[in-house]
There are 2 protein chains.
Amino acid sequence: MPEILVVGSVAYDDVQTPFDRRRDVLGGAASYFALAASRYAPVHVVAVVGEDFREGDIERLRAEGIDVAGIERRPGRSFRWHGRYDYDMSAAETLNTDLGVFADWHPVVPDGKRDVPYVFLANIDPDIQLDLLDQVGRPQLIAMDSMNYWLEFKRDAVATVMSRADVVCINEGEARQFAQTFSIIRAAREILDLGPTALVVKRGEHGAMLFLHDGGVFWSPAYPLEKVQDPTGAGDSFAGGFVGHLAAVGRTDPVELRRAVVHGTVSASFAVETFSVDGVARATPEAVDERYRLLRSLVDIGAGVVGDTGSRSE
Amino acid sequence: MPEILVVGSVAYDDVQTPFDRRRDVLGGAASYFALAASRYAPVHVVAVVGEDFREGDIERLRAEGIDVAGIERRPGRSFRWHGRYDYDMSAAETLNTDLGVFADWHPVVPDGKRDVPYVFLANIDPDIQLDLLDQVGRPQLIAMDSMNYWLEFKRDAVATVMSRADVVCINEGEARQFAQTFSIIRAAREILDLGPTALVVKRGEHGAMLFLHDGGVFWSPAYPLEKVQDPTGAGDSFAGGFVGHLAAVGRTDPVELRRAVVHGTVSASFAVETFSVDGVARATPEAVDERYRLLRSLVDIGAGVVGDTGSRSE
């Protein structure tokens, strides 16, 4: 089965919602991504942690079958993020980011992993993303994520990463920010003009859209949840399900890209049900399949109905 | 073909967006609804206008085949609404509402129209909605809309209208307001517990959801538009396409309710492309069909693909 290589943060989060708070919990884009993607295909993580990182948390990833050989441990503090959500739970307010050992780190792809066919550049300094890209061969698929901070302060580097990626996965506000337009259609066109085959625009509780370079558009609703505990990691888990599905089927054609969006949506739904990575970690293949089917049924006009022209003359 | 009766405002709007402003343009929930629904089935409007109402605007509705015999003209001013949209165009801020002749009006269903099978109670004082309901027989379908003002100041009357309706169409924020919960799933349950068979939750640019009393859920994306000029009337036009489709097919089963949501979404897309009712008025059957097909293709995993289990073992 095709394998997946991810570079990104493995970190500790301090998360506040209007209802609860958790400190020093396992987080980081690569952690969420790896746990979600490992439900689909073998995952190799390239990251760095500090002296304060608990060995038990590395072990937790390893116990899920994730290859942690590429997680370096270096002197200094681990990456820490402190964020807060308001009642609408749609966007995090970052109270503090401490890059710690990531600040002057250069990723090293372990021997034998330079030809892994599916590569995900999780949200991190775009210079680290480019550094990693320079170390891999010609993967079958390169997907990337970013965030408002890098779009603002390292826009050119982010654009370079986008131009080398096959799939760009960012959230709606970031797409608008990058393209400096409110129109998501225009923003998509601008990003796709940089070179990627596909753009996934994540819209939180409103689902996700896929824009293809050939003009195709696909839209999946979010999985309807009665209770969202912590949105942290939703986008990273989305990417895990998305890239995971593509690796599992070994194809990246438009049909599989659309299915991958639904799998990403499913992964994100598990992530937001709990604090930290607990929700993603406990998603069983059966639970994933069940949510996939429910998501597809949400857009189904009716079982047993052949054709759906919606014509008024029916 | 089954006919439609609507009660609601026929009014003049003064609308400001960040880009433009229009004063004294034809508006009102019943105007938008009637123009959208008249693409599907014959529509009878019950409303009241003041002495200041331009005969040409009544004529404009009549020219579209709408029965305007139930539009009374009374001494006083017509209903006027003055609203403003911010850059995100998602919610109107009401700057002023002048009920005018609607303030002490009692609707009168014209002779011969008491047994019209499809009834829509457009957003208006819930006491007017109840007054109309008391004058009709046993319609095949009663659908209703409301807004935040009535939910706040006449909550019990709105709940009574909901309990007598088959379909409640309100927007997401209003559903949350009514049920006093952020969870749209819980809000849907609370509203459906009042008695209606179906609840349509309108989410603006994020589409619409249908919740059925039997537990079924359907979701349609909004029609992706590059340019939105004026969101006024989107919800009323949605209802017009929704009820219009049901009347046209003469059925209200779950399959047709789902299709009706897509037709509603299409109608709304025409409404928001222009100020006033111009967009709805110029929607041709061909344009409606084309947008319906595009909306369905947006959620289609892939043409020619049989089955879609999304299974990882495919």
# chains A, B, ... in the order shown; residues from 1 in each chain; ligands from 1
>>> residues_around(residues="region 15-23 of chain B", least_positions_apart="4", cutoff="6 Å", atoms="only C-alpha atoms", output="ChimeraX atom specification")
/B:82-85
>>> write_last_selection(atoms="C-alpha atoms", output="PDB file, in the first residue's frame")
ATOM      1  CA  HIS B  82     -34.867  50.135   5.062  1.00  0.00           C
ATOM      2  CA  GLY B  83     -31.951  47.780   5.492  1.00  0.00           C
ATOM      3  CA  ARG B  84     -28.206  47.626   5.160  1.00  0.00           C
ATOM      4  CA  TYR B  85     -25.677  44.893   4.493  1.00  0.00           C
TER       5      TYR B  85
END
>>> residues_around(residues="region 255-265 of chain A", least_positions_apart="4", cutoff="8 Å", atoms="only C-alpha atoms", output="list in words")
Val200, Gly207, Ala208, Met209, Leu210, Phe218, Ser220, Pro221, Ala222, Tyr223, Ser237, Phe238, Ala239, Gly240, Gly241, Phe242, Val243, Gly244, His245, Leu246, Val249, Arg251, Ser269, Val288, Tyr292 and Leu295 of chain A; Ile301, Gly302 and Gly310 of chain B
>>> closest_residue(among="A:Ala247, A:Leu130, A:Val7, A:Val108", to="Ala34 (chain A)", atoms="only C-alpha atoms")
A:Val7
>>> closest_residue(among="A:Asp193, A:Asp88, A:Glu93, A:Asp127", to="chain B", atoms="only C-alpha atoms")
A:Asp88
>>> select_by_dssp(residues="region 110-289 of chain B", states="helix (DSSP H, G or I)", output="ChimeraX atom specification")
/B:126-133,148-153,155-164,172-179,184-192,204-206,234-249,254-271,278-281,285-289
>>> select_by_dssp(residues="region 73-258 of chain B", states="strand (DSSP E or B)", output="MDAnalysis selection string")
chainID B and resid 73 80:85 92:98 118:121 141:144 167:171 198:202 208:212 217:220
>>> residues_around(residues="Leu99 (chain A)", least_positions_apart="6", cutoff="8 Å", atoms="only C-alpha atoms", output="PyMOL selection string")
chain A and resi 78-80
>>> atom_distance(atom1="CA of Gly100 (chain A)", atom2="CA of Arg77 (chain A)")
4.9 Å
>>> atom_distance(atom1="CA of Cys169 (chain A)", atom2="CA of Met89 (chain A)")
20.1 Å
>>> residues_around(residues="region 153-167 of chain A", least_positions_apart="4", cutoff="7 Å", atoms="only C-alpha atoms", output="list in words")
Pro126, Asp127, Leu130, Leu141, Ile142, Ala143, Met144, Tyr149, Leu194, Gly195, Pro196, Thr197, Ala198 and Leu199 of chain A
>>> write_last_selection(atoms="N, CA and C atoms", output="mmCIF file, in the first residue's frame")
data_model
loop_
_atom_site.group_PDB
_atom_site.id
_atom_site.type_symbol
_atom_site.label_atom_id
_atom_site.label_comp_id
_atom_site.auth_asym_id
_atom_site.auth_seq_id
_atom_site.Cartn_x
_atom_site.Cartn_y
_atom_site.Cartn_z
ATOM 1 N N PRO A 126 6.640 27.987 5.928
ATOM 2 C CA PRO A 126 6.770 27.507 4.537
ATOM 3 C C PRO A 126 8.218 27.193 4.149
ATOM 4 N N ASP A 127 9.200 27.803 4.826
ATOM 5 C CA ASP A 127 10.598 27.471 4.530
ATOM 6 C C ASP A 127 10.914 26.037 4.947
ATOM 7 N N LEU A 130 9.400 23.879 2.224
ATOM 8 C CA LEU A 130 10.239 23.847 1.016
ATOM 9 C C LEU A 130 11.498 23.007 1.241
ATOM 10 N N LEU A 141 1.869 12.439 -5.104
ATOM 11 C CA LEU A 141 1.020 13.560 -4.678
ATOM 12 C C LEU A 141 1.704 14.360 -3.577
ATOM 13 N N ILE A 142 1.700 15.689 -3.773
ATOM 14 C CA ILE A 142 2.133 16.606 -2.706
ATOM 15 C C ILE A 142 0.923 17.454 -2.328
ATOM 16 N N ALA A 143 0.552 17.394 -1.056
ATOM 17 C CA ALA A 143 -0.537 18.245 -0.570
ATOM 18 C C ALA A 143 0.021 19.153 0.514
ATOM 19 N N MET A 144 -0.577 20.329 0.686
ATOM 20 C CA MET A 144 -0.053 21.281 1.668
ATOM 21 C C MET A 144 -1.177 22.047 2.359
ATOM 22 N N TYR A 149 -1.066 33.326 9.614
ATOM 23 C CA TYR A 149 0.213 33.925 10.009
ATOM 24 C C TYR A 149 1.227 33.871 8.867
ATOM 25 N N LEU A 194 -1.614 29.146 -9.795
ATOM 26 C CA LEU A 194 -0.221 28.957 -9.377
ATOM 27 C C LEU A 194 0.310 27.586 -9.777
ATOM 28 N N GLY A 195 -0.604 26.644 -10.063
ATOM 29 C CA GLY A 195 -0.128 25.357 -10.519
ATOM 30 C C GLY A 195 -0.794 24.108 -9.978
ATOM 31 N N PRO A 196 -1.342 24.130 -8.751
ATOM 32 C CA PRO A 196 -1.900 22.880 -8.221
ATOM 33 C C PRO A 196 -3.082 22.361 -9.047
ATOM 34 N N THR A 197 -3.284 21.061 -9.003
ATOM 35 C CA THR A 197 -4.401 20.430 -9.698
ATOM 36 C C THR A 197 -5.705 20.669 -8.963
ATOM 37 N N ALA A 198 -5.598 20.800 -7.638
ATOM 38 C CA ALA A 198 -6.807 20.868 -6.834
ATOM 39 C C ALA A 198 -6.621 21.793 -5.647
ATOM 40 N N LEU A 199 -7.722 22.459 -5.298
ATOM 41 C CA LEU A 199 -7.758 23.291 -4.094
ATOM 42 C C LEU A 199 -8.916 22.815 -3.236
#
>>> closest_residue(among="A:Ser183, A:Gln177, A:Thr274, A:Ser9", to="chain B", atoms="only C-alpha atoms")
A:Ser183
>>> residues_around(residues="Phe178 (chain A)", least_positions_apart="2", cutoff="9 Å", atoms="only C-alpha atoms", output="JSON, numbers by chain")
{"A": [148, 151, 152, 155, 159, 173, 174, 175, 176, 180, 181, 187, 190, 191]}
>>> write_last_selection(atoms="C-alpha atoms", output="CSV table (one decimal), in the first residue's frame")
chain,number,residue,atom,x,y,z
A,148,ASN,CA,-3.1,33.2,8.2
A,151,LEU,CA,0.1,34.0,4.5
A,152,GLU,CA,0.7,37.4,6.0
A,155,ARG,CA,3.4,35.1,1.5
A,159,ALA,CA,3.0,30.8,-2.9
A,173,GLY,CA,-10.8,32.8,5.3
A,174,GLU,CA,-7.2,32.0,4.4
A,175,ALA,CA,-8.2,31.5,0.7
A,176,ARG,CA,-9.8,34.9,0.8
A,180,GLN,CA,-7.4,39.4,-1.4
A,181,THR,CA,-11.0,38.9,-2.5
A,187,ALA,CA,-9.8,33.1,-4.8
A,190,GLU,CA,-6.0,32.6,-8.3
A,191,ILE,CA,-4.6,29.8,-6.3
>>> closest_residue(among="B:Ala268, B:Val25, B:Leu212, B:Ile124", to="chain A", atoms="only C-alpha atoms")
B:Leu212
>>> residues_around(residues="Pro117 (chain A)", least_positions_apart="2", cutoff="12 Å", atoms="only C-alpha atoms", output="ChimeraX atom specification")
/A:1-6,41-44,112-115,119-120,136-143,243-244,246-248,250-252
>>> write_last_selection(atoms="C-alpha atoms", output="compact mmCIF listing (two decimals), in the first residue's frame")
# COMPACT_ATOMS: atom_id res chain seq x y z
CA MET A 1 0.00 0.00 0.00
CA PRO A 2 1.31 3.49 -0.84
CA GLU A 3 2.79 5.23 2.19
CA ILE A 4 2.52 8.79 3.46
CA LEU A 5 5.17 11.22 4.66
CA VAL A 6 4.14 14.25 6.73
CA ALA A 41 -2.18 3.91 5.15
CA PRO A 42 1.23 3.76 6.84
CA VAL A 43 2.42 7.20 7.95
CA HIS A 44 5.95 8.51 8.57
CA GLY A 112 14.69 5.20 2.78
CA LYS A 113 11.75 7.60 3.03
CA ARG A 114 12.74 9.96 0.24
CA ASP A 115 10.55 8.13 -2.25
CA VAL A 119 3.63 13.77 0.92
CA PHE A 120 1.73 16.16 3.19
CA VAL A 136 11.97 14.07 -1.64
CA GLY A 137 11.96 12.59 -5.13
CA ARG A 138 8.92 12.92 -7.32
CA PRO A 139 6.01 11.92 -5.10
CA GLN A 140 2.75 10.83 -6.68
CA LEU A 141 1.02 13.56 -4.68
CA ILE A 142 2.13 16.61 -2.71
CA ALA A 143 -0.54 18.24 -0.57
CA VAL A 243 -4.55 12.17 1.81
CA GLY A 244 -5.16 8.86 3.62
CA LEU A 246 -5.92 8.83 -1.83
CA ALA A 247 -2.98 6.75 -0.60
CA ALA A 248 -5.28 3.83 0.25
CA GLY A 250 -3.51 4.67 -4.93
CA ARG A 251 -5.23 7.09 -7.32
CA THR A 252 -5.65 10.85 -7.47
>>> closest_residue(among="A:Gln135, A:Tyr87, A:Phe102, A:Tyr118", to="chain B", atoms="only C-alpha atoms")
A:Tyr87
>>> closest_residue(among="A:Val228, A:Leu121, A:Val201, A:Val45", to="chain B", atoms="only C-alpha atoms")
A:Val228
>>> atom_distance(atom1="CA of Leu298 (chain B)", atom2="CA of Val217 (chain B)")
17.9 Å
>>> residues_around(residues="Gly50 (chain A)", least_positions_apart="4", cutoff="7 Å", atoms="only C-alpha atoms", output="ChimeraX atom specification")
/A:73-78,101
>>> write_last_selection(atoms="N, CA and C atoms", output="PDB file, in the first residue's frame")
ATOM      1  N   ARG A  73      14.442  14.572  18.739  1.00  0.00           N
ATOM      2  CA  ARG A  73      14.321  15.236  20.049  1.00  0.00           C
ATOM      3  C   ARG A  73      15.554  16.123  20.195  1.00  0.00           C
ATOM      4  N   ARG A  74      15.336  17.412  20.472  1.00  0.00           N
ATOM      5  CA  ARG A  74      16.451  18.351  20.573  1.00  0.00           C
ATOM      6  C   ARG A  74      16.359  19.157  21.862  1.00  0.00           C
ATOM      7  N   PRO A  75      17.487  19.722  22.284  1.00  0.00           N
ATOM      8  CA  PRO A  75      17.474  20.576  23.473  1.00  0.00           C
ATOM      9  C   PRO A  75      16.532  21.757  23.268  1.00  0.00           C
ATOM     10  N   GLY A  76      15.783  22.110  24.298  1.00  0.00           N
ATOM     11  CA  GLY A  76      14.865  23.248  24.196  1.00  0.00           C
ATOM     12  C   GLY A  76      13.442  22.812  24.470  1.00  0.00           C
ATOM     13  N   ARG A  77      12.535  23.754  24.267  1.00  0.00           N
ATOM     14  CA  ARG A  77      11.125  23.498  24.546  1.00  0.00           C
ATOM     15  C   ARG A  77      10.385  23.019  23.303  1.00  0.00           C
ATOM     16  N   SER A  78       9.388  22.197  23.522  1.00  0.00           N
ATOM     17  CA  SER A  78       8.530  21.762  22.417  1.00  0.00           C
ATOM     18  C   SER A  78       7.668  22.927  21.938  1.00  0.00           C
ATOM     19  N   VAL A 101      11.615  24.478  19.697  1.00  0.00           N
ATOM     20  CA  VAL A 101      12.661  23.851  18.879  1.00  0.00           C
ATOM     21  C   VAL A 101      12.393  23.935  17.375  1.00  0.00           C
TER      22      VAL A 101
END
